[in-house]
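K.L.:
Please read through the structure below; I'll follow up with questions.
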Amino acid sequence: MRYTKGEKTKQHVIEKAAEIFNLKGYEGTSVNDLRDATKLTSGVIYANFRGKQDLASHAFDYNTDKLYATYQSAILAHDQPDAQLLAFIEHPSKIVHKLFQGGCPILNMSIEADDALPWIREKVLLAIAKMTQLVENVLAKGEQQGVFHKMDKKEVSQFIFAAIEGSIMLAKANNYIGSMKRVENQLKVYIKAVIIK
């Protein structure tokens with residue numbers, strides 16, 4: 001598929017803006033930051049977007065699509081549901097700090113998802129639902145194959161995802177990846193004790 005010059009420019013702006021918004025947040029990102037990152041004028045940047053909110057929305061989608069794809073690849077690298085679930089849990093410590101300067105885009109945007117910015121909350125909730133659905137699918141597969149206990153798959157998937165996001169927060173606060181590994185280890189204990197037959 002060939003892109004026009006305008007489409008290439010729009011994609012360039014989204015990718016560069018995604019880095020800046022993830023690092024500085026929505027409120028913390030200025031027009032100057034966007035100009036510096038893209039090496040474009042304000043007029044060129046906003047020629048394809050209705051304003052800062054529209055650009056930030058596209059940038060968040062870009063980041064979360066990229067994040068989702070890496071988790072999906074980690075799961076699909078395995079055939080058995082127990083291996084897939086462990087791959088999901090081990091994945092964050094391998095990629096989040098490498099792929100995203102500033103940490104997990106879902107966690108970062110959720111911090112700004114307060115009453116003043118309801119559109120951010122909506123985007124974050126959709127991203128969380130998409131990620132937890134990955135886990136739910138693996139849990140359902142494990143139940144069907146008889147290797148997992150019966151469970152409330154939505155509740156368990158949200159617990160696992162919340163633990164992972166919390167571990168990213170701890171690692172970021174402590175500037176220590178070992179904080180993620182500790183939570184990862186405890187999730188593995190939980191899976192072996194509660195989920196796997």
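Letters for chains follow the order of the structure tokens (A, B, ...), residue numbers begin at 1 for each chain, and ligand numbers begin at 1 in the order shown.
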Write out as a tab-separated table the residues of range 106-154 of chain A that have any atom within 12 Å of an atom of range 18-33 of chain A, one row each with the nearest atom pair and its distance in Å to one decimal, counting only C-alpha atoms, sorted by chain and then rising number.
P.N.:
```
residue	atom	partner	partner_atom	distance
A:Ile106	CA	A:Asn22	CA	9.1
A:Leu107	CA	A:Asn22	CA	9.6
A:Asn108	CA	A:Asn22	CA	6.6
A:Met109	CA	A:Gly25	CA	7.0
A:Ser110	CA	A:Gly25	CA	10.2
A:Ile111	CA	A:Gly25	CA	9.0
A:Glu112	CA	A:Tyr26	CA	7.5
A:Ala113	CA	A:Tyr26	CA	10.0
A:Asp114	CA	A:Glu27	CA	11.9
A:Ala116	CA	A:Glu27	CA	11.0
A:Leu117	CA	A:Tyr26	CA	9.7
A:Trp119	CA	A:Tyr26	CA	11.6
A:Ile120	CA	A:Tyr26	CA	9.2
```
K.L.:
At most 9 Å is the cut-off: for each residue in range 37-93 of chain A with any atom that close to an atom of range 168-182 of chain A, write down the nearest atom pair and the distance in Å rounded to one decimal, counting only C-alpha atoms, chain first then increasing number, as JSON lines.
P.N.:
```
{"residue": "A:Glu90", "atom": "CA", "partner": "A:Lys181", "partner_atom": "CA", "distance": 8.2}
{"residue": "A:Pro92", "atom": "CA", "partner": "A:Ile168", "partner_atom": "CA", "distance": 7.9}
{"residue": "A:Ser93", "atom": "CA", "partner": "A:Met180", "partner_atom": "CA", "distance": 6.2}
```
K.L.:
As an exercise, work out the distance from CA of Ile14 in chain A to CA of Asp61 in chain A in Å and give it to one decimal place.
P.N.:
9.4 Å
K.L.:
Tell me which protein, DNA and RNA residues are within 9 Å of range 137-140 of chain A, counting only C-alpha atoms, leaving out same-chain ones fewer than 3 positions away, and put them as a PDB file with all heavy atoms, in the first residue's frame.
P.N.:
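part.pdb, written as the output of this step:
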```pdb
ATOM      1  N   ILE A  75       1.512 -14.027  23.144  1.00  0.00           N
ATOM      2  CA  ILE A  75       0.557 -15.116  23.389  1.00  0.00           C
ATOM      3  C   ILE A  75       0.575 -16.122  22.240  1.00  0.00           C
ATOM      4  O   ILE A  75       0.641 -17.339  22.450  1.00  0.00           O
ATOM      5  CB  ILE A  75      -0.872 -14.543  23.579  1.00  0.00           C
ATOM      6  CG1 ILE A  75      -0.981 -13.833  24.933  1.00  0.00           C
ATOM      7  CG2 ILE A  75      -1.925 -15.654  23.482  1.00  0.00           C
ATOM      8  CD1 ILE A  75      -2.274 -13.064  25.123  1.00  0.00           C
ATOM      9  N   PRO A  81      -2.655 -23.004  26.563  1.00  0.00           N
ATOM     10  CA  PRO A  81      -3.149 -21.855  27.324  1.00  0.00           C
ATOM     11  C   PRO A  81      -2.335 -21.514  28.566  1.00  0.00           C
ATOM     12  O   PRO A  81      -2.204 -20.339  28.897  1.00  0.00           O
ATOM     13  CB  PRO A  81      -4.585 -22.242  27.688  1.00  0.00           C
ATOM     14  CG  PRO A  81      -4.691 -23.691  27.432  1.00  0.00           C
ATOM     15  CD  PRO A  81      -3.682 -24.048  26.407  1.00  0.00           C
ATOM     16  N   ASP A  82      -1.762 -22.514  29.258  1.00  0.00           N
ATOM     17  CA  ASP A  82      -0.942 -22.197  30.427  1.00  0.00           C
ATOM     18  C   ASP A  82       0.321 -21.441  30.019  1.00  0.00           C
ATOM     19  O   ASP A  82       0.719 -20.464  30.662  1.00  0.00           O
ATOM     20  CB  ASP A  82      -0.598 -23.461  31.236  1.00  0.00           C
ATOM     21  CG  ASP A  82       0.044 -24.553  30.400  1.00  0.00           C
ATOM     22  OD1 ASP A  82      -0.017 -24.490  29.148  1.00  0.00           O
ATOM     23  OD2 ASP A  82       0.616 -25.480  31.000  1.00  0.00           O
ATOM     24  N   GLN A  84       0.562 -19.634  27.290  1.00  0.00           N
ATOM     25  CA  GLN A  84       0.105 -18.334  26.799  1.00  0.00           C
ATOM     26  C   GLN A  84      -0.125 -17.358  27.943  1.00  0.00           C
ATOM     27  O   GLN A  84       0.240 -16.179  27.862  1.00  0.00           O
ATOM     28  CB  GLN A  84      -1.176 -18.505  25.981  1.00  0.00           C
ATOM     29  CG  GLN A  84      -0.965 -19.217  24.663  1.00  0.00           C
ATOM     30  CD  GLN A  84      -2.249 -19.420  23.895  1.00  0.00           C
ATOM     31  OE1 GLN A  84      -3.338 -19.511  24.473  1.00  0.00           O
ATOM     32  NE2 GLN A  84      -2.160 -19.485  22.566  1.00  0.00           N
ATOM     33  N   LEU A  85      -0.718 -17.855  29.024  1.00  0.00           N
ATOM     34  CA  LEU A  85      -0.985 -16.999  30.184  1.00  0.00           C
ATOM     35  C   LEU A  85       0.328 -16.548  30.827  1.00  0.00           C
ATOM     36  O   LEU A  85       0.477 -15.372  31.189  1.00  0.00           O
ATOM     37  CB  LEU A  85      -1.852 -17.747  31.201  1.00  0.00           C
ATOM     38  CG  LEU A  85      -2.442 -16.931  32.351  1.00  0.00           C
ATOM     39  CD1 LEU A  85      -3.236 -15.737  31.844  1.00  0.00           C
ATOM     40  CD2 LEU A  85      -3.315 -17.815  33.233  1.00  0.00           C
ATOM     41  N   THR A 132      -7.658  -6.775  28.575  1.00  0.00           N
ATOM     42  CA  THR A 132      -8.178  -7.829  29.452  1.00  0.00           C
ATOM     43  C   THR A 132      -8.913  -8.903  28.645  1.00  0.00           C
ATOM     44  O   THR A 132      -8.949 -10.063  29.057  1.00  0.00           O
ATOM     45  CB  THR A 132      -9.098  -7.260  30.549  1.00  0.00           C
ATOM     46  OG1 THR A 132     -10.142  -6.488  29.958  1.00  0.00           O
ATOM     47  CG2 THR A 132      -8.313  -6.392  31.519  1.00  0.00           C
ATOM     48  N   GLN A 133      -9.445  -8.524  27.482  1.00  0.00           N
ATOM     49  CA  GLN A 133     -10.092  -9.524  26.623  1.00  0.00           C
ATOM     50  C   GLN A 133      -9.082 -10.551  26.131  1.00  0.00           C
ATOM     51  O   GLN A 133      -9.421 -11.732  25.974  1.00  0.00           O
ATOM     52  CB  GLN A 133     -10.781  -8.843  25.437  1.00  0.00           C
ATOM     53  CG  GLN A 133     -11.636  -9.787  24.598  1.00  0.00           C
ATOM     54  CD  GLN A 133     -12.777 -10.398  25.389  1.00  0.00           C
ATOM     55  OE1 GLN A 133     -13.575  -9.690  25.991  1.00  0.00           O
ATOM     56  NE2 GLN A 133     -12.872 -11.731  25.389  1.00  0.00           N
ATOM     57  N   LEU A 134      -7.850 -10.133  25.897  1.00  0.00           N
ATOM     58  CA  LEU A 134      -6.797 -11.075  25.528  1.00  0.00           C
ATOM     59  C   LEU A 134      -6.658 -12.161  26.593  1.00  0.00           C
ATOM     60  O   LEU A 134      -6.565 -13.346  26.282  1.00  0.00           O
ATOM     61  CB  LEU A 134      -5.451 -10.342  25.384  1.00  0.00           C
ATOM     62  CG  LEU A 134      -5.071  -9.737  24.045  1.00  0.00           C
ATOM     63  CD1 LEU A 134      -3.732  -9.036  24.162  1.00  0.00           C
ATOM     64  CD2 LEU A 134      -5.028 -10.792  22.956  1.00  0.00           C
ATOM     65  N   GLU A 143     -10.109 -23.294  30.035  1.00  0.00           N
ATOM     66  CA  GLU A 143     -11.298 -23.961  30.606  1.00  0.00           C
ATOM     67  C   GLU A 143     -11.836 -25.015  29.638  1.00  0.00           C
ATOM     68  O   GLU A 143     -12.149 -26.139  30.034  1.00  0.00           O
ATOM     69  CB  GLU A 143     -12.395 -22.934  30.905  1.00  0.00           C
ATOM     70  CG  GLU A 143     -12.245 -22.227  32.239  1.00  0.00           C
ATOM     71  CD  GLU A 143     -13.489 -21.405  32.583  1.00  0.00           C
ATOM     72  OE1 GLU A 143     -14.531 -21.559  31.914  1.00  0.00           O
ATOM     73  OE2 GLU A 143     -13.405 -20.608  33.526  1.00  0.00           O
ATOM     74  N   GLN A 144     -11.943 -24.630  28.377  1.00  0.00           N
ATOM     75  CA  GLN A 144     -12.484 -25.542  27.365  1.00  0.00           C
ATOM     76  C   GLN A 144     -11.620 -26.797  27.210  1.00  0.00           C
ATOM     77  O   GLN A 144     -12.132 -27.893  26.986  1.00  0.00           O
ATOM     78  CB  GLN A 144     -12.610 -24.826  26.013  1.00  0.00           C
ATOM     79  CG  GLN A 144     -13.727 -23.796  25.979  1.00  0.00           C
ATOM     80  CD  GLN A 144     -13.614 -22.861  24.775  1.00  0.00           C
ATOM     81  OE1 GLN A 144     -12.722 -23.009  23.949  1.00  0.00           O
ATOM     82  NE2 GLN A 144     -14.516 -21.889  24.710  1.00  0.00           N
ATOM     83  N   GLN A 145     -10.317 -26.623  27.346  1.00  0.00           N
ATOM     84  CA  GLN A 145      -9.395 -27.753  27.207  1.00  0.00           C
ATOM     85  C   GLN A 145      -9.247 -28.544  28.507  1.00  0.00           C
ATOM     86  O   GLN A 145      -8.579 -29.578  28.534  1.00  0.00           O
ATOM     87  CB  GLN A 145      -8.026 -27.268  26.732  1.00  0.00           C
ATOM     88  CG  GLN A 145      -8.028 -26.727  25.320  1.00  0.00           C
ATOM     89  CD  GLN A 145      -6.658 -26.300  24.830  1.00  0.00           C
ATOM     90  OE1 GLN A 145      -5.646 -26.500  25.507  1.00  0.00           O
ATOM     91  NE2 GLN A 145      -6.607 -25.712  23.649  1.00  0.00           N
ATOM     92  N   PHE A 148      -7.578 -25.485  32.953  1.00  0.00           N
ATOM     93  CA  PHE A 148      -7.821 -24.437  33.938  1.00  0.00           C
ATOM     94  C   PHE A 148      -9.091 -24.756  34.725  1.00  0.00           C
ATOM     95  O   PHE A 148     -10.028 -25.350  34.190  1.00  0.00           O
ATOM     96  CB  PHE A 148      -8.004 -23.064  33.274  1.00  0.00           C
ATOM     97  CG  PHE A 148      -6.768 -22.479  32.650  1.00  0.00           C
ATOM     98  CD1 PHE A 148      -6.865 -21.361  31.830  1.00  0.00           C
ATOM     99  CD2 PHE A 148      -5.507 -23.016  32.876  1.00  0.00           C
ATOM    100  CE1 PHE A 148      -5.748 -20.797  31.241  1.00  0.00           C
ATOM    101  CE2 PHE A 148      -4.375 -22.459  32.291  1.00  0.00           C
ATOM    102  CZ  PHE A 148      -4.492 -21.352  31.472  1.00  0.00           C
ATOM    103  N   LYS A 150     -12.645 -23.727  36.523  1.00  0.00           N
ATOM    104  CA  LYS A 150     -13.719 -22.788  36.200  1.00  0.00           C
ATOM    105  C   LYS A 150     -13.528 -21.541  37.059  1.00  0.00           C
ATOM    106  O   LYS A 150     -13.156 -21.633  38.229  1.00  0.00           O
ATOM    107  CB  LYS A 150     -15.085 -23.399  36.501  1.00  0.00           C
ATOM    108  CG  LYS A 150     -15.438 -24.597  35.632  1.00  0.00           C
ATOM    109  CD  LYS A 150     -15.884 -24.154  34.269  1.00  0.00           C
ATOM    110  CE  LYS A 150     -16.353 -25.368  33.452  1.00  0.00           C
ATOM    111  NZ  LYS A 150     -16.669 -24.982  32.076  1.00  0.00           N
ATOM    112  N   MET A 151     -13.804 -20.385  36.488  1.00  0.00           N
ATOM    113  CA  MET A 151     -13.583 -19.133  37.214  1.00  0.00           C
ATOM    114  C   MET A 151     -14.397 -18.014  36.595  1.00  0.00           C
ATOM    115  O   MET A 151     -14.926 -18.161  35.484  1.00  0.00           O
ATOM    116  CB  MET A 151     -12.098 -18.774  37.170  1.00  0.00           C
ATOM    117  CG  MET A 151     -11.626 -18.313  35.795  1.00  0.00           C
ATOM    118  SD  MET A 151      -9.853 -18.299  35.570  1.00  0.00           S
ATOM    119  CE  MET A 151      -9.599 -19.988  35.003  1.00  0.00           C
ATOM    120  N   LYS A 153     -13.942 -15.283  34.569  1.00  0.00           N
ATOM    121  CA  LYS A 153     -12.832 -14.904  33.685  1.00  0.00           C
ATOM    122  C   LYS A 153     -12.630 -13.390  33.619  1.00  0.00           C
ATOM    123  O   LYS A 153     -11.494 -12.922  33.548  1.00  0.00           O
ATOM    124  CB  LYS A 153     -13.061 -15.494  32.293  1.00  0.00           C
ATOM    125  CG  LYS A 153     -12.911 -17.009  32.275  1.00  0.00           C
ATOM    126  CD  LYS A 153     -13.182 -17.600  30.901  1.00  0.00           C
ATOM    127  CE  LYS A 153     -14.650 -17.669  30.585  1.00  0.00           C
ATOM    128  NZ  LYS A 153     -15.419 -18.531  31.507  1.00  0.00           N
ATOM    129  N   VAL A 156     -10.870 -12.359  36.943  1.00  0.00           N
ATOM    130  CA  VAL A 156      -9.474 -12.814  36.983  1.00  0.00           C
ATOM    131  C   VAL A 156      -8.615 -12.020  35.996  1.00  0.00           C
ATOM    132  O   VAL A 156      -7.493 -11.618  36.326  1.00  0.00           O
ATOM    133  CB  VAL A 156      -9.381 -14.332  36.691  1.00  0.00           C
ATOM    134  CG1 VAL A 156      -7.929 -14.773  36.526  1.00  0.00           C
ATOM    135  CG2 VAL A 156     -10.048 -15.118  37.815  1.00  0.00           C
ATOM    136  N   SER A 157      -9.132 -11.765  34.802  1.00  0.00           N
ATOM    137  CA  SER A 157      -8.352 -11.017  33.805  1.00  0.00           C
ATOM    138  C   SER A 157      -8.097  -9.584  34.275  1.00  0.00           C
ATOM    139  O   SER A 157      -7.000  -9.050  34.079  1.00  0.00           O
ATOM    140  CB  SER A 157      -9.057 -11.018  32.447  1.00  0.00           C
ATOM    141  OG  SER A 157     -10.271 -10.297  32.494  1.00  0.00           O
ATOM    142  N   ILE A 195      -5.422 -21.148  39.170  1.00  0.00           N
ATOM    143  CA  ILE A 195      -5.966 -21.283  37.810  1.00  0.00           C
ATOM    144  C   ILE A 195      -5.683 -22.637  37.180  1.00  0.00           C
ATOM    145  O   ILE A 195      -6.588 -23.307  36.677  1.00  0.00           O
ATOM    146  CB  ILE A 195      -5.421 -20.143  36.908  1.00  0.00           C
ATOM    147  CG1 ILE A 195      -5.915 -18.773  37.428  1.00  0.00           C
ATOM    148  CG2 ILE A 195      -5.861 -20.355  35.454  1.00  0.00           C
ATOM    149  CD1 ILE A 195      -5.368 -17.597  36.678  1.00  0.00           C
TER     150      ILE A 195
END
```
